[in-house]
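Chemist: My structure is in model28.cif, and what it holds is mmCIF, C-alpha atoms:
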data_target
#
loop_
_atom_site.label_atom_id
_atom_site.label_comp_id
_atom_site.auth_asym_id
_atom_site.auth_seq_id
_atom_site.Cartn_x
_atom_site.Cartn_y
_atom_site.Cartn_z
CA MET A 1 0.00 0.00 0.00
CA ASN A 2 1.39 3.39 -0.96
CA LEU A 3 0.27 6.93 -0.96
CA ARG A 4 -1.31 6.62 -4.42
CA TRP A 5 -3.55 3.82 -3.16
CA PHE A 6 -4.80 5.96 -0.24
CA GLN A 7 -5.45 8.79 -2.62
CA ASN A 8 -7.40 6.50 -4.97
CA HIS A 9 -9.45 4.96 -2.09
CA LEU A 10 -9.76 8.01 0.23
CA ILE A 11 -13.49 8.42 -0.27
CA SER A 12 -14.13 4.75 0.44
CA LEU A 13 -12.02 4.85 3.59
CA ILE A 14 -13.83 7.91 4.90
CA GLY A 15 -17.21 6.37 4.12
CA GLY A 16 -16.24 3.12 5.87
CA THR A 17 -14.99 4.97 8.92
CA VAL A 18 -18.22 6.98 9.18
CA PHE A 19 -20.24 3.82 8.80
CA ILE A 20 -18.32 2.08 11.58
CA VAL A 21 -18.78 5.09 13.90
CA LEU A 22 -22.52 5.26 13.16
CA LEU A 23 -22.87 1.53 13.67
CA ALA A 24 -21.05 1.70 17.01
CA GLY A 25 -23.33 4.59 18.08
CA MET A 26 -26.45 2.70 17.07
CA ILE A 27 -25.29 -0.38 18.98
CA TRP A 28 -24.63 1.76 22.11
CA LEU A 29 -28.05 3.43 21.83
CA LEU A 30 -29.73 0.07 21.35
CA HIS A 31 -27.96 -1.31 24.42
CA ASP A 32 -28.98 1.72 26.47
CA ALA A 33 -32.58 1.34 25.28
CA TYR A 34 -32.61 -2.32 26.32
CA THR A 35 -31.22 -1.34 29.72
CA GLN A 36 -33.93 1.31 30.21
CA GLN A 37 -36.57 -1.13 29.02
CA ASP A 38 -35.50 -3.64 31.66
CA SER A 39 -35.69 -0.93 34.34
CA VAL A 40 -39.16 0.17 33.17
CA LEU A 41 -40.34 -3.43 33.06
CA GLU A 42 -39.11 -4.02 36.62
CA GLU A 43 -40.89 -0.89 37.87
CA LEU A 44 -44.06 -1.85 35.99
CA THR A 45 -43.93 -5.32 37.48
CA ALA A 46 -43.61 -3.82 40.99
CA GLN A 47 -46.53 -1.48 40.38
CA ASN A 48 -48.65 -4.33 39.01
CA SER A 49 -47.87 -6.30 42.17
CA SER A 50 -48.97 -3.34 44.33
CA LEU A 51 -52.14 -2.94 42.26
CA GLU A 52 -53.00 -6.60 42.61
CA GLY A 53 -52.40 -6.33 46.34
CA LEU A 54 -54.77 -3.36 46.60
CA ARG A 55 -57.37 -5.15 44.52
CA SER A 56 -57.21 -8.17 46.77
CA GLU A 57 -57.77 -6.07 49.96
CA ARG A 58 -61.26 -5.21 51.33
CA THR A 59 -62.54 -1.77 50.41
CA PHE A 60 -62.57 0.84 53.21
CA PRO A 61 -64.94 1.94 54.46
CA SER A 62 -66.67 -1.34 54.02
CA LYS A 63 -70.40 -1.83 54.43
CA GLU A 64 -69.76 -3.27 57.88
CA ASN A 65 -67.75 -0.15 58.86
CA ILE A 66 -70.58 2.12 57.73
CA GLN A 67 -73.12 0.13 59.72
CA LEU A 68 -70.95 0.30 62.85
CA LEU A 69 -70.55 4.06 62.50
CA LYS A 70 -74.29 4.48 62.02
CA LYS A 71 -74.99 2.34 65.06
CA ASP A 72 -72.56 4.38 67.18
CA ARG A 73 -74.18 7.61 66.01
CA ASP A 74 -77.66 6.30 66.85
CA ASN A 75 -76.48 5.17 70.29
CA LEU A 76 -74.95 8.58 70.99
CA GLN A 77 -78.13 10.34 69.89
CA GLN A 78 -80.20 8.06 72.15
CA LEU A 79 -77.95 8.81 75.12
CA TYR A 80 -78.28 12.55 74.49
CA ASP A 81 -82.07 12.28 74.16
CA ASP A 82 -82.25 10.31 77.42
CA MET A 83 -80.12 12.91 79.19
CA ARG A 84 -82.23 15.77 77.87
CA GLU A 85 -85.45 13.96 78.82
CA SER A 86 -84.27 13.34 82.37
CA ALA A 87 -83.06 16.95 82.82
CA SER A 88 -85.77 18.81 80.95
CA HIS A 89 -88.71 20.54 82.57
CA PRO A 90 -91.82 21.97 80.91
CA LEU A 91 -90.75 24.99 78.86
CA LEU A 92 -91.89 28.44 79.90
CA HIS A 93 -93.68 30.21 77.07
CA GLY A 94 -95.15 33.67 77.08
CA PRO A 95 -97.95 34.83 74.79
CA GLU A 96 -97.04 35.67 71.21
CA LEU A 97 -96.71 39.44 71.03
CA ILE A 98 -96.92 41.28 67.71
CA ARG A 99 -96.87 44.95 68.73
CA ASP A 100 -95.17 46.92 71.47
CA VAL A 101 -98.58 47.86 72.92
CA ASP A 102 -99.30 44.13 73.33
CA PHE A 103 -96.29 43.85 75.60
CA ARG A 104 -97.38 46.92 77.58
CA LYS A 105 -100.78 45.32 78.28
CA PHE A 106 -99.19 41.98 79.18
CA GLN A 107 -96.67 43.72 81.45
CA GLU A 108 -99.28 45.78 83.29
CA ALA A 109 -101.50 42.75 83.89
CA THR A 110 -98.55 40.66 85.17
CA VAL A 111 -97.16 43.40 87.43
CA ASN A 112 -100.64 44.04 88.92
CA ARG A 113 -101.11 40.32 89.67
CA LEU A 114 -97.73 40.09 91.37
CA ALA A 115 -98.22 43.29 93.36
CA LYS A 116 -101.60 42.08 94.69
CA ALA A 117 -100.21 38.66 95.55
CA ALA A 118 -97.25 40.18 97.44
CA ALA A 119 -99.48 42.68 99.27
CA ALA A 120 -101.86 39.91 100.32
CA GLN A 121 -98.95 38.22 102.13
CA GLY A 122 -97.55 41.46 103.53
CA ILE A 123 -94.40 41.16 101.41
CA ARG A 124 -92.71 44.29 100.16
CA ALA A 125 -91.65 44.03 96.52
CA PRO A 126 -90.20 46.28 93.77
CA GLU A 127 -92.81 48.17 91.80
CA MET A 128 -91.89 46.89 88.31
CA PHE A 129 -90.38 43.47 89.24
CA GLY A 130 -87.31 43.96 87.05
CA PHE A 131 -88.99 45.76 84.15
CA SER A 132 -88.60 49.38 85.27
CA ARG A 133 -87.16 50.25 81.84
CA TYR A 134 -90.67 49.84 80.44
CA ASP A 135 -92.48 51.70 83.21
CA ALA A 136 -92.95 54.70 80.91
CA ASN A 137 -91.36 53.50 77.67
CA PHE A 138 -92.39 51.04 74.99
CA PRO A 139 -90.01 48.39 73.63
CA CYS A 140 -88.72 48.55 70.03
CA ARG A 141 -88.81 52.37 70.02
CA ASN A 142 -85.52 53.45 71.58
CA PRO A 143 -83.77 52.65 69.32
CA ARG A 144 -86.32 51.94 66.60
CA ALA A 145 -86.40 48.25 65.62
CA ALA A 146 -87.60 46.74 62.34
CA ASP A 147 -90.71 44.54 62.43
CA ASP A 148 -88.86 41.20 62.45
CA GLU A 149 -86.37 42.38 65.05
CA CYS A 150 -89.18 43.81 67.19
CA ARG A 151 -91.02 40.47 67.19
CA ARG A 152 -87.81 38.75 68.29
CA LEU A 153 -87.33 41.25 71.13
CA LEU A 154 -90.96 40.92 72.22
CA ALA A 155 -90.63 37.13 72.31
CA LEU A 156 -87.62 37.43 74.64
CA LEU A 157 -89.38 39.98 76.85
CA SER A 158 -92.47 37.77 77.01
CA LYS A 159 -90.38 34.78 78.12
CA GLN A 160 -88.56 36.89 80.71
CA LEU A 161 -91.82 38.26 82.11
CA VAL A 162 -93.34 34.78 82.42
CA THR A 163 -90.17 33.54 84.12
CA VAL A 164 -90.11 36.44 86.57
CA GLU A 165 -93.76 35.78 87.46
CA LYS A 166 -92.90 32.13 88.12
CA LEU A 167 -89.96 33.09 90.40
CA VAL A 168 -91.86 35.83 92.27
CA ASN A 169 -94.83 33.54 92.92
CA LEU A 170 -92.41 30.96 94.29
CA MET A 171 -90.95 33.55 96.68
CA ILE A 172 -94.43 34.66 97.74
CA THR A 173 -95.65 31.09 98.25
CA ASN A 174 -92.68 30.36 100.50
CA LYS A 175 -93.27 33.65 102.39
CA VAL A 176 -90.01 35.54 102.06
CA GLU A 177 -89.99 38.68 104.18
CA GLU A 178 -89.11 41.11 101.39
CA ILE A 179 -88.21 41.05 97.69
CA LEU A 180 -85.44 43.63 97.31
CA ALA A 181 -84.69 43.46 93.56
CA ILE A 182 -85.05 41.40 90.41
CA HIS A 183 -82.40 41.72 87.71
CA ARG A 184 -82.61 40.42 84.15
CA THR A 185 -80.55 40.73 80.97
CA GLU A 186 -81.57 43.64 78.76
CA VAL A 187 -82.70 42.23 75.41
CA GLU A 188 -82.48 45.42 73.37
CA PRO A 189 -79.77 48.10 73.08
CA GLY A 190 -80.13 51.66 74.20
CA GLU A 191 -81.20 52.63 77.71
CA VAL A 192 -79.90 50.45 80.54
CA SER A 193 -82.04 50.45 83.70
CA ALA A 194 -81.10 49.72 87.29
CA ASP A 195 -82.64 46.27 86.83
CA ALA A 196 -80.13 45.29 84.13
CA LEU A 197 -78.03 42.17 84.65
CA ASN A 198 -74.68 42.22 82.87
CA VAL A 199 -74.82 38.57 81.80
CA PRO A 200 -75.63 37.70 78.16
CA ILE A 201 -78.48 35.51 77.02
CA ASN A 202 -77.35 32.44 75.11
CA ASN A 203 -80.18 31.59 72.74
CA ASN A 204 -78.20 30.48 69.68
CA SER A 205 -80.34 27.91 67.86
CA SER A 206 -77.21 25.90 66.94
CA SER A 207 -76.32 25.33 70.63
CA LEU A 208 -77.38 22.23 72.52
CA TYR A 209 -79.12 24.39 75.12
CA GLN A 210 -80.13 28.01 75.74
CA THR A 211 -79.75 30.06 78.91
CA TYR A 212 -81.69 33.08 80.20
CA PRO A 213 -79.96 34.70 83.24
CA PHE A 214 -81.74 36.27 86.24
CA GLU A 215 -80.73 37.53 89.67
CA LEU A 216 -82.96 37.70 92.74
CA GLU A 217 -82.37 39.65 95.95
CA PHE A 218 -84.65 38.91 98.88
CA VAL A 219 -84.80 38.66 102.67
CA CYS A 220 -85.90 35.51 104.49
CA ASP A 221 -84.88 33.07 107.20
CA THR A 222 -83.10 29.74 106.79
CA SER A 223 -86.18 27.54 106.55
CA VAL A 224 -87.78 29.78 103.90
CA LEU A 225 -84.60 29.75 101.82
CA ARG A 226 -84.49 25.95 102.03
CA ASP A 227 -88.13 25.65 100.96
CA PHE A 228 -87.64 28.13 98.13
CA LEU A 229 -84.63 26.23 96.74
CA ASN A 230 -86.52 22.93 96.96
CA GLY A 231 -89.46 24.48 95.16
CA LEU A 232 -87.13 25.89 92.51
CA MET A 233 -86.05 22.37 91.60
CA GLN A 234 -89.65 21.18 91.26
CA THR A 235 -91.27 24.07 89.42
CA ASP A 236 -91.84 24.36 85.68
CA GLY A 237 -88.67 25.29 83.84
CA LEU A 238 -85.15 24.02 84.51
CA PHE A 239 -83.35 26.53 86.75
CA VAL A 240 -79.62 26.18 87.38
CA ILE A 241 -78.11 28.13 90.28
CA ARG A 242 -74.92 29.91 89.24
CA ALA A 243 -74.09 31.79 92.44
CA LEU A 244 -75.56 32.15 95.91
CA LYS A 245 -74.49 34.94 98.28
CA ILE A 246 -75.89 35.14 101.80
CA ASP A 247 -75.38 37.88 104.37
CA SER A 248 -76.93 36.93 107.68
CA LYS A 249 -77.46 38.62 111.02
CA ALA A 250 -79.13 37.62 114.25
CA VAL A 251 -82.43 39.31 115.13
CA LYS A 252 -84.56 39.15 118.23
CA LEU A 253 -88.22 38.18 118.16
CA LYS A 254 -90.64 38.31 121.09
CA SER A 255 -91.83 34.93 122.33
CA LEU A 256 -94.98 33.93 124.17
CA GLU A 257 -95.47 31.34 126.86
CA MET A 258 -98.65 30.25 125.10
CA PRO A 259 -98.78 30.97 121.36
CA ASN A 260 -102.00 32.44 119.99
CA THR A 261 -103.41 29.99 117.42
CA GLY A 262 -106.08 32.38 116.17
CA GLU A 263 -108.91 30.04 117.25
CA PRO A 264 -111.65 31.27 119.64
CA SER A 265 -110.84 30.32 123.19
CA ALA A 266 -113.21 28.62 125.61
CA PRO A 267 -115.15 30.87 128.01
CA ASN A 268 -113.11 29.84 131.07
CA ALA A 269 -109.82 29.42 129.23
CA PRO A 270 -106.90 31.52 130.47
CA LYS A 271 -105.89 34.51 128.40
CA PRO A 272 -102.77 34.20 126.25
CA ALA A 273 -99.69 35.12 128.14
CA GLU A 274 -97.94 38.38 127.46
CA PRO A 275 -94.51 38.27 125.81
CA THR A 276 -92.04 37.10 128.41
CA GLY A 277 -88.78 36.85 126.50
CA GLU A 278 -86.92 37.08 123.24
CA VAL A 279 -85.97 34.41 120.70
CA ARG A 280 -82.96 34.84 118.50
CA THR A 281 -83.23 33.90 114.84
CA ARG A 282 -81.23 34.67 111.71
CA ARG A 283 -82.37 36.95 108.93
CA LEU A 284 -80.73 36.21 105.56
CA ASN A 285 -80.11 38.75 102.82
CA VAL A 286 -79.92 36.48 99.77
CA THR A 287 -78.52 37.26 96.32
CA LEU A 288 -79.27 34.39 93.96
CA ARG A 289 -77.91 34.22 90.38
CA LEU A 290 -79.64 31.57 88.31
CA ASP A 291 -80.26 30.62 84.69
CA LEU A 292 -83.37 29.32 83.02
CA VAL A 293 -81.98 26.49 80.86
CA GLU A 294 -83.84 25.11 77.86
CA PHE A 295 -82.54 22.28 75.70
CA THR A 296 -82.71 22.79 71.94
CA ALA A 297 -85.27 20.58 70.24
CA ALA A 298 -83.70 17.61 68.48
CA THR A 299 -83.54 17.71 64.70
CA PRO A 300 -85.39 14.71 63.17
CA ALA A 301 -82.99 12.24 61.65
CA ASN A 302 -82.96 11.82 57.87
CA PRO A 303 -84.57 8.40 57.23
CA HIS A 304 -82.51 8.02 54.03
CA HIS A 305 -79.21 8.75 55.72
CA GLY A 306 -76.87 5.77 55.55
CA HIS A 307 -78.94 3.92 52.95
CA GLU A 308 -77.66 5.59 49.83
#
Can you dump the structure from the file as structure tokens?

Modeler:
Amino acid sequence: MNLRWFQNHLISLIGGTVFIVLLAGMIWLLHDAYTQQDSVLEELTAQNSSLEGLRSERTFPSKENIQLLKKDRDNLQQLYDDMRESASHPLLHGPELIRDVDFRKFQEATVNRLAKAAAAQGIRAPEMFGFSRYDANFPCRNPRAADDECRRLLALLSKQLVTVEKLVNLMITNKVEEILAIHRTEVEPGEVSADALNVPINNNSSSLYQTYPFELEFVCDTSVLRDFLNGLMQTDGLFVIRALKIDSKAVKLKSLEMPNTGEPSAPNAPKPAEPTGEVRTRRLNVTLRLDLVEFTAATPANPHHGHE
């Protein structure tokens, strides 16, 4: 081989060299492709195995799981209903009031009844029984309330007035010596009277229960307070005592050797003895904070729930 031969076959040599290089590149690419294919096939095989494993497992939540959850929910609802039934008392409802003048009439009639009942027992009581704000004013006027808002306010005032009548009658029945004050939460903005109680009403319909706060101040002795608290637990409406403050002092009462029963004595019977001594007893100044508690009515269960 000499230089002339290379010159005569230069094109063939270059073409052969290029062909060999291209062939080597194609072989390398093919080998790399086979390697990647093996890796992809291995990964696909692993994923297929995982898929088959998932397919072979039980679906969650299964029908049995759903039934168990539904049963637990029903049991919890039954427990709550039982608790509410055992703790609930008859609800206190006032008359449905549409206009502010309707409340004024209802208020005047209620206050007059309570005043006469207290006077009949010789019990001093506040003139307006916690509603002095409306002695000369009408509700829903200061500030002016829209019709829907006014009906809501009148419903709250009606419930409060019925509740106060229930509490005052209980104090009168148990013969407290004096009713000093009755405080309630103001239900509308604006003027705040001396009867206002700075504790909010919780009557959110989404709550499990609703509370209407009141505070009573009265004078009595120990036995009357005990009877009043016992009667509070037995009356209509569920009342929960939040705070009880008692200031007591000893007082002296005249005693008789022979008490006067009020019955006519026999002609020859001795006259009742004059007071001969003094008996000490305790007079209690009581401040009682309590809430009227009403449980929210249960929402009927959806009969199709859990069967879809």

Chemist: For Ala145 (chain A), which residue out of A:Gly190, A:Thr222, A:Leu216, A:Thr110 is the nearest one, using all atoms listed in the file?

Modeler: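 Checking each of A:Gly190, A:Thr222, A:Leu216, A:Thr110 against Ala145 (chain A), counting all atoms listed in the file, the winner is A:Gly190.
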
Chemist: Provide the CA of Thr35 (chain A) to CA of Ser50 (chain A) distance in Å, to one decimal place.

Modeler: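 Calculated distance between CA of Thr35 (chain A) and CA of Ser50 (chain A) is 23.1 Å.
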
Chemist: Any idea what's packed within 10 Å of region 174-180 of chain A, counting all atoms listed in the file, ignoring anything in its chain fewer than 5 positions away? Could you give it as a list in words?

Modeler: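 Counting only the stated atoms, we get Ala118, Gln121, Gly122, Ile123, Arg124, Ala125, Pro126, Phe129, Val168, Asn169, Leu216, Glu217, Phe218, Val219, Cys220, Asp221, Ser223, Val224, Leu225, Arg226, Asp227, Phe228, Leu229, Gly231, Arg283, Leu284, Asn285, Val286 and Thr287 of chain A.
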
Chemist: Which value, in Å to one decimal, gives the distance between CA of Ala115 (chain A) and CA of Thr163 (chain A)?

Modeler: 15.7 Å

Chemist: Mind pulling up the distance from CA of Asp32 (chain A) to CA of Ile20 (chain A)?

Modeler: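 CA of Asp32 (chain A) lies 18.3 Å from CA of Ile20 (chain A).
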
Chemist: Can you tell me, as a PyMOL selection string, what residues are no more than 7 Å from Arg184 (chain A) when counting only C-alpha atoms, ignoring any on the same chain fewer than 4 positions away?

Modeler: chain A and resi 130+195-197+213-215

Chemist: Convert the output of the PyMOL selection byres ((chain A and resi 102-108) around 12) on the shown file into explicit residues, formatted as a ChimeraX atom specification.

Modeler: /A:94-101,109-115,127-140,150-151,153-162,164-165

Chemist: Excluding Tyr212 (chain A) and any residue of its chain fewer than 3 positions from it, enumerate the residues within 8 Å of it, using all atoms listed in the file, and give them as a list of chain:residue names.

Modeler: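 The residues satisfying every condition are A:Gln160, A:Thr185, A:Pro200, A:Ile201, A:Asn202, A:Asn203, A:Asp291, A:Leu292, A:Val293.
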
Chemist: With all atoms listed in the file counted, which protein, DNA or RNA residues have an atom no more than 7 Å from (-76.2, 28.7, 87.4) in the file frame? Please answer as a list in words.

Modeler: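 The answer, in the requested form, is Val240, Ile241, Arg242, Ala243, Arg289, Leu290 and Asp291 of chain A.
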
Chemist: Report the closest atom pair, with its distance in Å rounded to one decimal, for each residue of region 81-177 of chain A that has an atom no farther than 12 Å from region 72-76 of chain A; count only C-alpha atoms, sort by chain and then rising residue number, and write it as CSV.

Modeler:
residue,atom,partner,partner_atom,distance
A:Asp81,CA,A:Leu76,CA,8.6
A:Asp82,CA,A:Leu76,CA,9.9
A:Met83,CA,A:Leu76,CA,10.6

Chemist: Taking the partial coordinates given, rebuild region 33-60 of chain A to contain N, CA and C atoms; return it as a short mmCIF file (atom, residue, chain, number, x, y, z; two decimals), in the coordinates of the input.

Modeler:
data_model
loop_
_atom_site.label_atom_id
_atom_site.label_comp_id
_atom_site.auth_asym_id
_atom_site.auth_seq_id
_atom_site.Cartn_x
_atom_site.Cartn_y
_atom_site.Cartn_z
N ALA A 33 -31.13 1.48 25.33
CA ALA A 33 -32.58 1.34 25.28
C ALA A 33 -33.03 0.05 25.95
N TYR A 34 -32.27 -1.05 25.67
CA TYR A 34 -32.61 -2.32 26.32
C TYR A 34 -32.47 -2.21 27.84
N THR A 35 -31.43 -1.50 28.28
CA THR A 35 -31.22 -1.34 29.72
C THR A 35 -32.39 -0.57 30.36
N GLN A 36 -32.79 0.53 29.69
CA GLN A 36 -33.93 1.31 30.21
C GLN A 36 -35.22 0.51 30.17
N GLN A 37 -35.38 -0.29 29.13
CA GLN A 37 -36.57 -1.13 29.02
C GLN A 37 -36.66 -2.11 30.19
N ASP A 38 -35.50 -2.71 30.54
CA ASP A 38 -35.50 -3.64 31.66
C ASP A 38 -35.89 -2.93 32.96
N SER A 39 -35.37 -1.69 33.13
CA SER A 39 -35.69 -0.93 34.34
C SER A 39 -37.19 -0.59 34.39
N VAL A 40 -37.74 -0.16 33.22
CA VAL A 40 -39.16 0.17 33.17
C VAL A 40 -40.01 -1.06 33.43
N LEU A 41 -39.59 -2.20 32.85
CA LEU A 41 -40.34 -3.43 33.06
C LEU A 41 -40.33 -3.87 34.52
N GLU A 42 -39.18 -3.68 35.20
CA GLU A 42 -39.11 -4.02 36.62
C GLU A 42 -40.04 -3.13 37.45
N GLU A 43 -40.03 -1.81 37.14
CA GLU A 43 -40.89 -0.89 37.87
C GLU A 43 -42.36 -1.20 37.59
N LEU A 44 -42.68 -1.51 36.33
CA LEU A 44 -44.06 -1.85 35.99
C LEU A 44 -44.51 -3.12 36.69
N THR A 45 -43.60 -4.08 36.78
CA THR A 45 -43.93 -5.32 37.48
C THR A 45 -44.22 -5.06 38.96
N ALA A 46 -43.39 -4.16 39.58
CA ALA A 46 -43.61 -3.82 40.99
C ALA A 46 -44.94 -3.12 41.18
N GLN A 47 -45.27 -2.18 40.27
CA GLN A 47 -46.53 -1.48 40.38
C GLN A 47 -47.73 -2.40 40.15
N ASN A 48 -47.59 -3.34 39.22
CA ASN A 48 -48.65 -4.33 39.01
C ASN A 48 -48.88 -5.18 40.26
N SER A 49 -47.75 -5.51 40.93
CA SER A 49 -47.87 -6.30 42.17
C SER A 49 -48.62 -5.51 43.24
N SER A 50 -48.27 -4.18 43.35
CA SER A 50 -48.97 -3.34 44.33
C SER A 50 -50.45 -3.21 43.99
N LEU A 51 -50.75 -3.06 42.68
CA LEU A 51 -52.14 -2.94 42.26
C LEU A 51 -52.92 -4.20 42.58
N GLU A 52 -52.32 -5.35 42.31
CA GLU A 52 -53.00 -6.60 42.61
C GLU A 52 -53.22 -6.75 44.11
N GLY A 53 -52.23 -6.27 44.90
CA GLY A 53 -52.40 -6.33 46.34
C GLY A 53 -53.55 -5.46 46.82
N LEU A 54 -53.66 -4.24 46.24
CA LEU A 54 -54.77 -3.36 46.60
C LEU A 54 -56.11 -3.94 46.18
N ARG A 55 -56.13 -4.54 44.99
CA ARG A 55 -57.37 -5.15 44.52
C ARG A 55 -57.82 -6.32 45.39
N SER A 56 -56.87 -7.00 45.96
CA SER A 56 -57.21 -8.17 46.77
C SER A 56 -57.67 -7.78 48.18
N GLU A 57 -57.37 -6.49 48.62
CA GLU A 57 -57.77 -6.07 49.96
C GLU A 57 -59.25 -5.65 49.96
N ARG A 58 -59.86 -5.62 51.19
CA ARG A 58 -61.26 -5.21 51.33
C ARG A 58 -61.34 -3.70 51.22
N THR A 59 -62.36 -3.21 50.59
CA THR A 59 -62.54 -1.77 50.41
C THR A 59 -62.87 -1.12 51.74
N PHE A 60 -62.27 0.08 52.00
CA PHE A 60 -62.57 0.84 53.21
C PHE A 60 -63.13 2.20 52.81
#
